[in-house]
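Structure data follow from coords_27.cif (mmCIF, C-alpha atoms):
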data_work
#
loop_
_atom_site.label_atom_id
_atom_site.label_comp_id
_atom_site.auth_asym_id
_atom_site.auth_seq_id
_atom_site.Cartn_x
_atom_site.Cartn_y
_atom_site.Cartn_z
CA MET A 636 -0.72 -21.01 1.68
CA LYS A 637 -2.21 -24.23 2.84
CA ASP A 638 -3.11 -23.39 6.45
CA ILE A 639 -5.78 -20.73 5.82
CA ALA A 640 -8.79 -21.14 8.12
CA PHE A 641 -11.72 -20.89 5.71
CA ASP A 642 -15.16 -20.58 7.35
CA GLU A 643 -17.99 -23.12 7.06
CA ARG A 644 -18.87 -21.70 3.61
CA GLY A 645 -15.26 -22.07 2.44
CA LEU A 646 -14.57 -18.33 2.57
CA VAL A 647 -11.99 -16.10 4.25
CA PRO A 648 -12.25 -12.28 4.52
CA ALA A 649 -9.65 -10.43 2.45
CA ILE A 650 -8.81 -6.86 3.43
CA VAL A 651 -7.34 -5.11 0.41
CA GLN A 652 -4.79 -2.37 1.02
CA ASP A 653 -2.98 -0.08 -1.41
CA ALA A 654 0.68 -1.10 -1.06
CA ALA A 655 1.90 2.41 -1.92
CA THR A 656 -0.32 4.53 0.33
CA GLY A 657 -1.52 2.11 3.00
CA ALA A 658 -5.14 3.05 2.29
CA VAL A 659 -7.67 0.31 2.93
CA LEU A 660 -9.45 -0.13 -0.39
CA MET A 661 -12.08 -2.80 0.14
CA LEU A 662 -13.18 -5.95 1.91
CA ALA A 663 -14.10 -9.04 -0.09
CA TYR A 664 -13.99 -12.80 0.36
CA MET A 665 -11.73 -15.44 -1.09
CA ASP A 666 -12.28 -19.15 -1.39
CA ARG A 667 -9.51 -21.65 -2.18
CA GLU A 668 -10.03 -21.14 -5.95
CA ALA A 669 -9.73 -17.34 -5.66
CA LEU A 670 -6.66 -17.61 -3.45
CA ASP A 671 -4.96 -20.03 -5.85
CA ALA A 672 -5.85 -17.87 -8.89
CA THR A 673 -4.49 -14.76 -7.15
CA LEU A 674 -1.20 -16.42 -6.24
CA ARG A 675 -0.85 -17.96 -9.71
CA THR A 676 -1.67 -14.86 -11.82
CA LYS A 677 -0.56 -12.09 -9.42
CA GLU A 678 -3.89 -10.38 -10.14
CA VAL A 679 -6.42 -10.39 -7.31
CA HIS A 680 -9.43 -12.71 -7.53
CA PHE A 681 -12.32 -13.11 -5.10
CA HIS A 682 -15.32 -15.33 -4.60
CA SER A 683 -18.42 -13.42 -5.63
CA ARG A 684 -21.08 -14.26 -3.06
CA SER A 685 -23.85 -12.73 -5.20
CA ARG A 686 -22.83 -14.59 -8.37
CA GLY A 687 -21.57 -17.69 -6.60
CA ARG A 688 -18.43 -17.90 -8.70
CA LEU A 689 -14.81 -16.82 -9.11
CA TRP A 690 -14.47 -13.09 -9.77
CA LYS A 691 -11.33 -11.40 -11.04
CA LYS A 692 -11.31 -7.84 -9.70
CA GLY A 693 -11.54 -5.55 -12.72
CA GLU A 694 -12.72 -8.22 -15.15
CA THR A 695 -15.34 -5.83 -16.56
CA SER A 696 -14.04 -2.39 -15.51
CA GLY A 697 -10.36 -2.96 -16.24
CA ASN A 698 -9.53 -1.81 -12.70
CA VAL A 699 -7.47 -4.86 -11.86
CA MET A 700 -5.42 -5.14 -8.70
CA HIS A 701 -1.84 -6.32 -9.04
CA LEU A 702 -0.74 -8.44 -6.09
CA VAL A 703 2.24 -7.16 -4.10
CA GLU A 704 1.92 -9.28 -0.96
CA LEU A 705 -0.63 -11.55 0.66
CA VAL A 706 -0.37 -12.01 4.43
CA PRO A 707 -2.61 -14.08 6.72
CA ASP A 708 -3.40 -12.68 10.16
CA CYS A 709 -2.21 -14.38 13.36
CA ASP A 710 -5.06 -16.94 13.30
CA ALA A 711 -4.97 -17.38 9.49
CA ASP A 712 -8.70 -16.58 9.39
CA ALA A 713 -8.32 -13.27 7.53
CA LEU A 714 -6.00 -12.07 4.78
CA LEU A 715 -4.30 -8.74 4.18
CA VAL A 716 -3.92 -8.33 0.42
CA LYS A 717 -1.47 -5.57 -0.53
CA VAL A 718 -1.96 -4.38 -4.10
CA HIS A 719 -1.13 -1.83 -6.75
CA PRO A 720 -4.59 -0.90 -8.06
CA ALA A 721 -4.99 -0.05 -11.75
CA GLY A 722 -7.95 2.21 -10.97
CA PRO A 723 -10.67 2.85 -8.40
CA ALA A 724 -11.40 -0.06 -6.09
CA CYS A 725 -15.11 0.62 -5.64
CA HIS A 726 -17.84 -0.06 -8.21
CA THR A 727 -19.09 3.51 -7.51
CA GLY A 728 -15.89 4.93 -8.98
CA ASP A 729 -14.46 5.99 -5.61
CA ALA A 730 -10.86 5.10 -4.86
CA THR A 731 -11.99 2.99 -1.88
CA CYS A 732 -15.19 1.24 -0.86
CA PHE A 733 -15.07 3.25 2.37
CA GLY A 734 -15.94 6.58 0.75
CA PRO A 735 -14.10 9.01 -1.43
CA VAL A 736 -10.51 9.87 -0.64
CA ASN A 737 -10.53 13.46 0.49
CA ASP A 738 -7.90 16.18 0.44
CA ARG A 739 -7.08 15.57 4.12
CA ASP A 740 -6.13 11.98 3.31
CA LEU A 741 -3.94 13.14 0.44
CA GLY A 742 -2.46 15.95 2.53
CA ARG A 743 -1.62 13.55 5.34
CA PHE A 744 -0.02 11.11 2.90
CA LEU A 745 2.07 13.87 1.31
CA SER A 746 3.09 15.21 4.72
CA GLU A 747 4.21 11.74 5.83
CA LEU A 748 6.05 11.25 2.54
CA VAL A 749 7.96 14.52 2.96
CA ALA A 750 8.87 13.59 6.55
CA LEU A 751 10.12 10.19 5.43
CA LEU A 752 12.16 11.69 2.60
CA ARG A 753 13.64 14.31 4.93
CA GLN A 754 14.59 11.62 7.44
CA ARG A 755 16.26 9.43 4.83
CA ILE A 756 18.09 12.29 3.13
CA CYS A 757 19.30 13.69 6.45
CA SER A 758 20.54 10.34 7.70
CA ARG A 759 22.40 9.81 4.42
CA ALA A 760 23.85 13.33 4.55
CA GLU A 761 25.10 12.77 8.10
CA ARG A 762 26.88 9.60 7.04
CA THR A 763 28.56 11.22 4.02
CA PRO A 764 29.59 14.84 4.68
CA SER A 765 30.17 17.08 1.69
CA PRO A 766 33.84 17.58 0.86
CA ARG A 767 33.09 21.21 -0.07
CA SER A 768 31.80 22.35 3.30
CA SER A 769 33.72 22.80 6.50
CA SER A 770 32.28 21.72 9.82
CA ARG A 771 32.04 25.40 10.84
CA ARG A 772 29.88 26.37 7.86
CA ARG A 773 27.73 23.28 8.32
CA THR A 774 26.82 24.31 11.89
CA ARG A 775 25.94 27.90 10.96
CA ARG A 776 23.89 27.16 7.88
CA ARG A 777 20.87 25.04 7.52
CA PRO A 778 21.79 21.36 6.99
CA ARG A 779 22.24 20.15 3.44
CA CYS A 780 19.39 17.71 3.89
CA ALA A 781 16.96 20.51 4.82
CA ARG A 782 18.00 22.51 1.76
CA ARG A 783 17.35 19.47 -0.45
CA VAL A 784 13.87 18.82 0.90
CA GLY A 785 13.14 22.53 0.92
CA SER A 786 10.78 23.20 3.81
CA ALA A 787 13.23 23.74 6.71
CA ARG A 788 14.64 27.27 6.96
#
Now, as a test, write the supplied structure out as structure tokens.
Amino acid sequence: MKDIAFDERGLVPAIVQDAATGAVLMLAYMDREALDATLRTKEVHFHSRSRGRLWKKGETSGNVMHLVELVPDCDADALLVKVHPAGPACHTGDATCFGPVNDRDLGRFLSELVALLRQRICSRAERTPSPRSSSRRRTRRRPRCARRVGSAR
């Protein structure tokens, strides 16, 4: 990653996202040293503006962030850092620096997960019909995929 457009202070904003849920966890800044350390160790590092030095996320709390993917935006003046967090992202103990994750967020995630699983199971079931069921029974009864996921009746 040589073509990153660092600002006049040598920093680039890094938006950190949970790779599993898509939740935006935090915004921090990286300099060349932090970017290189992150790519080398696969653990996320930032430039601490208050301390004026390299900062490994979780160096004191243990809540490190394991790098999954690092993607520059279209102008290479911001980074999307996809991670698997080992704990809360925020120093307050919240999962994100944008407030606590609430039940609606979790409910939405679970709802989307069920929909995705249903879609994948159904598409697989359509490609490979069961040898035990006739086409007539399959049209009268609820599809195998719906029975597997459990919510369709």
For this session: Would you write out, as a PyMOL selection string, every residue that the PyMOL selection byres ((chain A and resi 658) around 12) captures in this file?
Result: chain A and resi 650-657+659-661+715-720+724+730-737+740-741+743-744
Problem set entry | Expansion of the PyMOL selection byres ((chain A and resi 698-709) around 12) into residues, as a PyMOL selection string | chain A and resi 636-641+647-655+660-661+665+670-681+690-697+710-726+728-730
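The interatomic distance for the pair atom CA of A:Glu668 and atom CA of A:Glu643 works out to 15.4 Å.
Going from atom CA of A:Ala750 over to atom CA of A:Arg762, you cover 18.5 Å.
A straight line drawn from atom CA of A:Arg688 to atom CA of A:Arg667 is 11.7 Å long.
Closest approach to A:Gly687 among A:Ala669, A:Leu745, A:Leu752, A:Cys757 is made by A:Ala669 (distances from only C-alpha atoms).
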Give me the box for stretch 698-713 of chain A as JSON, namely the centre and edge lengths in Å to one decimal of a box along x, y and z that holds every listed atom plus 3 Å on each side.
{"center_x": -3.6, "center_y": -9.6, "center_z": 0.3, "size_x": 17.8, "size_y": 21.6, "size_z": 32.1}
